[in-house]
Amino acid sequence: MKKVVLLLFAVSVAVVSFAQDAAEKINQANDALTAKEYAKALELYESAMANLGDVQVPEAINFNIGLAAYNADKYEKAIQYFEKAVAAKANVDKAYEYMAGSYAKLDKTNEALDTYAKAIEASPADKASLSYNAGIVAYKGKAYQKAVDFFTAAVAGNYKGETAQYYKAVALNKLNKDAEYKAALEEGVTKFPKDDKLTKGLANVYVSEGNDLYKKGAEILSAANTKVNAGSLSTADEAYAAEVGKAKKEFASALEVLEKALKLDAGNANATKLIEACKAAM
């Protein structure tokens with residue numbers, strides 16, 4: 001009987017000992033987390049949670065453990081703990097945000113974007129910043145239409161508007177939506193006229209358009225001269241003059257567009273060369 005009592009007592013003492021040890025490790029983990037010693041914090045948290053004994057720990061602690069795991073680059077673990085935090089209704093918006101970031105670090109783009117959507121739903125006030133972060137993930141993951149949608153929301157919320165507008169435009173370009181790409185750049189230049197990426201991007205669009213117009217004019221003129229050389233047309237003919245007029249009209253249109261490009265980007269060498277070519281042809 002005494003042996004049973006002693007055994008029970010020994011077990012009781014062991015349980016108390018484990019419980020005290022777990023409580024101390026949680027305190028140490030909290031201190032490590034505060035000190036940004038994330039790997040140490042994670043190790044202490046997990047050791048404590050594996051030996052809780054009678055210690056009652058709020059489920060909200062899973063957010064802290066997830067944060068330690070995230071910053072220790074243990075993203076799979078981070079996701080697991082943040083899911084527990086969400087289930088416990090602890091820092092739900094931030095848990096979703098860090099969970100989305102974890103998926104992004106693991107190159108799981110779809111999961112990351114779905115989770116960002118949940119974060120936005122949980123914290124509408126942070127929609128602009130969360131949308132920007134989601135847009136970056138979508139762009140890197142080549143989910144370009146989603147990138148457009150998220151960056152649009154970021155611009156609307158005035159969060160890193162210049163960068164968001166630029167990447168929105170580039171994502172449209174990746175989707176081969178040329179008209180929308182140009183419109184996005186024009187909108188960006190109107191809103192953020194001092195942003196170099198936007199102004200130079202739009203200048204390049206104008207240079208491309210100017211080049212197309214110049215080539216069209218050059219082709220018309222070349223075709224007319226070919227006929228002259230073949231003897232089927234004379235430079236004195238009205239038909240030749242009409243073709244030259246058409247070519248000059250294209251060159252004039254090209255000049256107009258190219259001057260817009262140069263106004264946006266004074267150092268654009270291609271615009272300068274094409275302007276010279278157009279003037280020479282006229």
# chains A, B, ... in the order shown; residues from 1 in each chain; ligands from 1
$ residues_around --residues "Tyr132 in chain A" --least-positions-apart "4" --cutoff "10 Å" --atoms "only C-alpha atoms" --output "PyMOL selection string"
chain A and resi 127-128+136-138+147+149-155+157+159-161+163-164+167
$ write_last_selection --atoms "N, CA, C and O atoms" --output "PDB file, in the first residue's frame"
ATOM      1  N   LYS A 127      -7.619  46.619 -46.308  1.00  0.00           N
ATOM      2  CA  LYS A 127      -7.794  46.057 -47.652  1.00  0.00           C
ATOM      3  C   LYS A 127      -6.718  46.527 -48.621  1.00  0.00           C
ATOM      4  O   LYS A 127      -6.172  45.726 -49.394  1.00  0.00           O
ATOM      5  N   ALA A 128      -6.374  47.805 -48.578  1.00  0.00           N
ATOM      6  CA  ALA A 128      -5.418  48.343 -49.542  1.00  0.00           C
ATOM      7  C   ALA A 128      -4.040  47.713 -49.396  1.00  0.00           C
ATOM      8  O   ALA A 128      -3.437  47.264 -50.377  1.00  0.00           O
ATOM      9  N   ILE A 136       1.509  41.480 -55.290  1.00  0.00           N
ATOM     10  CA  ILE A 136       2.908  41.100 -55.501  1.00  0.00           C
ATOM     11  C   ILE A 136       3.028  39.581 -55.625  1.00  0.00           C
ATOM     12  O   ILE A 136       3.721  39.055 -56.506  1.00  0.00           O
ATOM     13  N   VAL A 137       2.337  38.874 -54.744  1.00  0.00           N
ATOM     14  CA  VAL A 137       2.367  37.400 -54.780  1.00  0.00           C
ATOM     15  C   VAL A 137       1.767  36.885 -56.091  1.00  0.00           C
ATOM     16  O   VAL A 137       2.312  35.984 -56.730  1.00  0.00           O
ATOM     17  N   ALA A 138       0.653  37.490 -56.486  1.00  0.00           N
ATOM     18  CA  ALA A 138      -0.006  37.073 -57.725  1.00  0.00           C
ATOM     19  C   ALA A 138       0.902  37.324 -58.929  1.00  0.00           C
ATOM     20  O   ALA A 138       1.025  36.473 -59.820  1.00  0.00           O
ATOM     21  N   ALA A 147      -3.463  39.643 -60.178  1.00  0.00           N
ATOM     22  CA  ALA A 147      -2.555  40.735 -59.825  1.00  0.00           C
ATOM     23  C   ALA A 147      -3.193  42.073 -60.194  1.00  0.00           C
ATOM     24  O   ALA A 147      -3.152  43.027 -59.408  1.00  0.00           O
ATOM     25  N   ASP A 149      -6.351  42.783 -60.433  1.00  0.00           N
ATOM     26  CA  ASP A 149      -7.467  43.051 -59.518  1.00  0.00           C
ATOM     27  C   ASP A 149      -6.976  43.529 -58.157  1.00  0.00           C
ATOM     28  O   ASP A 149      -7.514  44.506 -57.597  1.00  0.00           O
ATOM     29  N   PHE A 150      -5.961  42.871 -57.620  1.00  0.00           N
ATOM     30  CA  PHE A 150      -5.441  43.262 -56.312  1.00  0.00           C
ATOM     31  C   PHE A 150      -4.757  44.635 -56.369  1.00  0.00           C
ATOM     32  O   PHE A 150      -4.946  45.462 -55.470  1.00  0.00           O
ATOM     33  N   PHE A 151      -3.982  44.890 -57.402  1.00  0.00           N
ATOM     34  CA  PHE A 151      -3.303  46.190 -57.510  1.00  0.00           C
ATOM     35  C   PHE A 151      -4.312  47.321 -57.712  1.00  0.00           C
ATOM     36  O   PHE A 151      -4.099  48.443 -57.235  1.00  0.00           O
ATOM     37  N   THR A 152      -5.395  47.016 -58.414  1.00  0.00           N
ATOM     38  CA  THR A 152      -6.456  48.015 -58.591  1.00  0.00           C
ATOM     39  C   THR A 152      -7.015  48.426 -57.231  1.00  0.00           C
ATOM     40  O   THR A 152      -7.251  49.620 -56.969  1.00  0.00           O
ATOM     41  N   ALA A 153      -7.226  47.451 -56.366  1.00  0.00           N
ATOM     42  CA  ALA A 153      -7.736  47.723 -55.018  1.00  0.00           C
ATOM     43  C   ALA A 153      -6.718  48.515 -54.203  1.00  0.00           C
ATOM     44  O   ALA A 153      -7.084  49.403 -53.411  1.00  0.00           O
ATOM     45  N   ALA A 154      -5.441  48.214 -54.383  1.00  0.00           N
ATOM     46  CA  ALA A 154      -4.389  48.932 -53.652  1.00  0.00           C
ATOM     47  C   ALA A 154      -4.355  50.397 -54.068  1.00  0.00           C
ATOM     48  O   ALA A 154      -4.234  51.295 -53.220  1.00  0.00           O
ATOM     49  N   VAL A 155      -4.468  50.644 -55.373  1.00  0.00           N
ATOM     50  CA  VAL A 155      -4.474  52.022 -55.875  1.00  0.00           C
ATOM     51  C   VAL A 155      -5.700  52.762 -55.352  1.00  0.00           C
ATOM     52  O   VAL A 155      -5.599  53.909 -54.913  1.00  0.00           O
ATOM     53  N   GLY A 157      -7.241  52.294 -52.677  1.00  0.00           N
ATOM     54  CA  GLY A 157      -7.058  52.569 -51.256  1.00  0.00           C
ATOM     55  C   GLY A 157      -5.855  53.441 -50.965  1.00  0.00           C
ATOM     56  O   GLY A 157      -5.498  53.663 -49.803  1.00  0.00           O
ATOM     57  N   TYR A 159      -2.639  52.934 -51.353  1.00  0.00           N
ATOM     58  CA  TYR A 159      -1.511  52.286 -50.694  1.00  0.00           C
ATOM     59  C   TYR A 159      -0.439  51.975 -51.739  1.00  0.00           C
ATOM     60  O   TYR A 159      -0.663  51.190 -52.650  1.00  0.00           O
ATOM     61  N   LYS A 160       0.704  52.641 -51.611  1.00  0.00           N
ATOM     62  CA  LYS A 160       1.806  52.485 -52.572  1.00  0.00           C
ATOM     63  C   LYS A 160       1.262  52.598 -53.995  1.00  0.00           C
ATOM     64  O   LYS A 160       1.541  51.765 -54.857  1.00  0.00           O
ATOM     65  N   GLY A 161       0.492  53.668 -54.195  1.00  0.00           N
ATOM     66  CA  GLY A 161      -0.231  53.835 -55.444  1.00  0.00           C
ATOM     67  C   GLY A 161       0.615  53.794 -56.694  1.00  0.00           C
ATOM     68  O   GLY A 161       0.238  53.153 -57.684  1.00  0.00           O
ATOM     69  N   THR A 163       3.592  52.377 -57.290  1.00  0.00           N
ATOM     70  CA  THR A 163       4.099  51.034 -57.584  1.00  0.00           C
ATOM     71  C   THR A 163       2.971  50.089 -57.980  1.00  0.00           C
ATOM     72  O   THR A 163       3.108  49.282 -58.899  1.00  0.00           O
ATOM     73  N   ALA A 164       1.857  50.195 -57.258  1.00  0.00           N
ATOM     74  CA  ALA A 164       0.708  49.338 -57.562  1.00  0.00           C
ATOM     75  C   ALA A 164       0.192  49.597 -58.979  1.00  0.00           C
ATOM     76  O   ALA A 164      -0.117  48.660 -59.722  1.00  0.00           O
ATOM     77  N   TYR A 167       2.693  48.079 -61.559  1.00  0.00           N
ATOM     78  CA  TYR A 167       2.616  46.626 -61.686  1.00  0.00           C
ATOM     79  C   TYR A 167       1.265  46.182 -62.259  1.00  0.00           C
ATOM     80  O   TYR A 167       1.182  45.138 -62.924  1.00  0.00           O
TER      81      TYR A 167
END
$ residues_around --residues "Glu259 in chain A" --least-positions-apart "5" --cutoff "9 Å" --atoms "only C-alpha atoms" --output "MDAnalysis selection string"
chainID A and resid 206 254 264 271:272 275
$ write_last_selection --atoms "all heavy atoms" --output "PDB file, in the first residue's frame"
ATOM      1  N   TYR A 206       4.502  55.002 -76.584  1.00  0.00           N
ATOM      2  CA  TYR A 206       4.394  56.010 -77.646  1.00  0.00           C
ATOM      3  C   TYR A 206       5.477  55.809 -78.713  1.00  0.00           C
ATOM      4  O   TYR A 206       5.221  55.993 -79.911  1.00  0.00           O
ATOM      5  CB  TYR A 206       4.492  57.412 -77.059  1.00  0.00           C
ATOM      6  CG  TYR A 206       3.286  57.854 -76.249  1.00  0.00           C
ATOM      7  CD1 TYR A 206       3.410  58.758 -75.204  1.00  0.00           C
ATOM      8  CD2 TYR A 206       2.014  57.372 -76.541  1.00  0.00           C
ATOM      9  CE1 TYR A 206       2.311  59.175 -74.470  1.00  0.00           C
ATOM     10  CE2 TYR A 206       0.902  57.771 -75.816  1.00  0.00           C
ATOM     11  CZ  TYR A 206       1.057  58.681 -74.769  1.00  0.00           C
ATOM     12  OH  TYR A 206      -0.037  59.077 -74.045  1.00  0.00           O
ATOM     13  N   ALA A 254       3.316  60.172 -86.762  1.00  0.00           N
ATOM     14  CA  ALA A 254       4.402  59.580 -85.981  1.00  0.00           C
ATOM     15  C   ALA A 254       5.109  60.649 -85.162  1.00  0.00           C
ATOM     16  O   ALA A 254       5.403  60.447 -83.978  1.00  0.00           O
ATOM     17  CB  ALA A 254       5.391  58.888 -86.914  1.00  0.00           C
ATOM     18  N   LEU A 264       7.709  63.005 -72.110  1.00  0.00           N
ATOM     19  CA  LEU A 264       7.671  62.171 -70.908  1.00  0.00           C
ATOM     20  C   LEU A 264       9.061  61.697 -70.504  1.00  0.00           C
ATOM     21  O   LEU A 264       9.364  61.559 -69.320  1.00  0.00           O
ATOM     22  CB  LEU A 264       6.778  60.942 -71.149  1.00  0.00           C
ATOM     23  CG  LEU A 264       5.272  61.184 -71.233  1.00  0.00           C
ATOM     24  CD1 LEU A 264       4.576  59.928 -71.745  1.00  0.00           C
ATOM     25  CD2 LEU A 264       4.713  61.574 -69.870  1.00  0.00           C
ATOM     26  N   ALA A 271      13.201  57.596 -79.397  1.00  0.00           N
ATOM     27  CA  ALA A 271      12.272  58.648 -79.799  1.00  0.00           C
ATOM     28  C   ALA A 271      13.000  59.721 -80.597  1.00  0.00           C
ATOM     29  O   ALA A 271      12.512  60.189 -81.647  1.00  0.00           O
ATOM     30  CB  ALA A 271      11.613  59.264 -78.569  1.00  0.00           C
ATOM     31  N   THR A 272      14.171  60.112 -80.135  1.00  0.00           N
ATOM     32  CA  THR A 272      14.958  61.144 -80.817  1.00  0.00           C
ATOM     33  C   THR A 272      15.333  60.714 -82.237  1.00  0.00           C
ATOM     34  O   THR A 272      15.201  61.487 -83.201  1.00  0.00           O
ATOM     35  CB  THR A 272      16.242  61.446 -80.018  1.00  0.00           C
ATOM     36  OG1 THR A 272      15.878  61.909 -78.703  1.00  0.00           O
ATOM     37  CG2 THR A 272      17.072  62.514 -80.705  1.00  0.00           C
ATOM     38  N   ILE A 275      12.282  60.693 -84.538  1.00  0.00           N
ATOM     39  CA  ILE A 275      11.869  62.063 -84.875  1.00  0.00           C
ATOM     40  C   ILE A 275      12.734  62.602 -86.001  1.00  0.00           C
ATOM     41  O   ILE A 275      12.235  63.215 -86.969  1.00  0.00           O
ATOM     42  CB  ILE A 275      11.940  62.968 -83.627  1.00  0.00           C
ATOM     43  CG1 ILE A 275      10.790  62.639 -82.668  1.00  0.00           C
ATOM     44  CG2 ILE A 275      11.890  64.441 -84.020  1.00  0.00           C
ATOM     45  CD1 ILE A 275      10.870  63.359 -81.343  1.00  0.00           C
TER      46      ILE A 275
END
$ select_by_dssp --residues "range 50-107 of chain A" --states "alpha helix (DSSP H)" --output "ChimeraX atom specification"
/A:61-71,75-87,92-105
$ write_last_selection --atoms "C-alpha atoms" --output "PDB file, in the first residue's frame"
ATOM      1  CA  ILE A  61      -0.752  31.102 -27.855  1.00  0.00           C
ATOM      2  CA  ASN A  62      -0.817  29.382 -31.234  1.00  0.00           C
ATOM      3  CA  PHE A  63      -0.564  32.783 -32.862  1.00  0.00           C
ATOM      4  CA  ASN A  64       2.696  33.458 -31.016  1.00  0.00           C
ATOM      5  CA  ILE A  65       4.038  30.047 -31.988  1.00  0.00           C
ATOM      6  CA  GLY A  66       3.037  30.636 -35.595  1.00  0.00           C
ATOM      7  CA  LEU A  67       4.797  33.992 -35.544  1.00  0.00           C
ATOM      8  CA  ALA A  68       7.960  32.395 -34.204  1.00  0.00           C
ATOM      9  CA  ALA A  69       7.759  29.662 -36.849  1.00  0.00           C
ATOM     10  CA  TYR A  70       7.177  32.166 -39.654  1.00  0.00           C
ATOM     11  CA  ASN A  71      10.161  34.273 -38.690  1.00  0.00           C
ATOM     12  CA  TYR A  75       6.521  27.986 -43.013  1.00  0.00           C
ATOM     13  CA  GLU A  76       4.709  24.652 -42.966  1.00  0.00           C
ATOM     14  CA  LYS A  77       4.677  24.764 -39.174  1.00  0.00           C
ATOM     15  CA  ALA A  78       3.637  28.411 -39.238  1.00  0.00           C
ATOM     16  CA  ILE A  79       0.569  27.553 -41.326  1.00  0.00           C
ATOM     17  CA  GLN A  80      -0.451  24.825 -38.889  1.00  0.00           C
ATOM     18  CA  TYR A  81      -0.221  27.129 -35.883  1.00  0.00           C
ATOM     19  CA  PHE A  82      -1.960  30.027 -37.592  1.00  0.00           C
ATOM     20  CA  GLU A  83      -4.809  27.699 -38.532  1.00  0.00           C
ATOM     21  CA  LYS A  84      -5.139  26.846 -34.839  1.00  0.00           C
ATOM     22  CA  ALA A  85      -5.076  30.554 -33.990  1.00  0.00           C
ATOM     23  CA  VAL A  86      -7.903  31.206 -36.448  1.00  0.00           C
ATOM     24  CA  ALA A  87      -9.894  28.338 -34.957  1.00  0.00           C
ATOM     25  CA  VAL A  92      -7.680  36.223 -36.934  1.00  0.00           C
ATOM     26  CA  ASP A  93      -6.812  38.944 -39.437  1.00  0.00           C
ATOM     27  CA  LYS A  94      -3.081  38.812 -38.722  1.00  0.00           C
ATOM     28  CA  ALA A  95      -3.136  35.019 -38.578  1.00  0.00           C
ATOM     29  CA  TYR A  96      -4.600  34.932 -42.081  1.00  0.00           C
ATOM     30  CA  GLU A  97      -2.090  37.523 -43.260  1.00  0.00           C
ATOM     31  CA  TYR A  98       0.914  35.592 -41.977  1.00  0.00           C
ATOM     32  CA  MET A  99      -0.593  32.346 -43.207  1.00  0.00           C
ATOM     33  CA  ALA A 100      -0.881  33.864 -46.670  1.00  0.00           C
ATOM     34  CA  GLY A 101       2.719  35.002 -46.426  1.00  0.00           C
ATOM     35  CA  SER A 102       3.755  31.490 -45.458  1.00  0.00           C
ATOM     36  CA  TYR A 103       2.017  30.003 -48.484  1.00  0.00           C
ATOM     37  CA  ALA A 104       3.737  32.603 -50.646  1.00  0.00           C
ATOM     38  CA  LYS A 105       7.139  31.654 -49.236  1.00  0.00           C
TER      39      LYS A 105
END
$ closest_residue --among "A:Ala261, A:Lys215, A:Gly267, A:Ser129" --to "Glu186 in chain A" --atoms "only C-alpha atoms"
A:Ala261
$ residues_around --residues "Gly217 in chain A" --least-positions-apart "6" --cutoff "12 Å" --atoms "only C-alpha atoms" --output "JSON, numbers by chain"
{"A": [210, 211, 223, 224, 243, 244, 245, 246, 247, 248, 249, 250, 251, 252, 253, 254, 255, 277, 278, 279, 281, 282]}
$ residues_around --residues "Leu42 in chain A" --least-positions-apart "2" --cutoff "8 Å" --atoms "only C-alpha atoms" --output "VMD selection string"
chain A and resid 29 38 to 40 44 to 46 65 68 to 69 72
$ closest_residue --among "A:Ser208, A:Gln165, A:Pro124, A:Lys118" --to "Thr190 in chain A" --atoms "only C-alpha atoms"
A:Gln165
$ closest_residue --among "A:Ala90, A:Leu198, A:Ile26, A:Ala230" --to "Met49 in chain A" --atoms "only C-alpha atoms"
A:Ile26
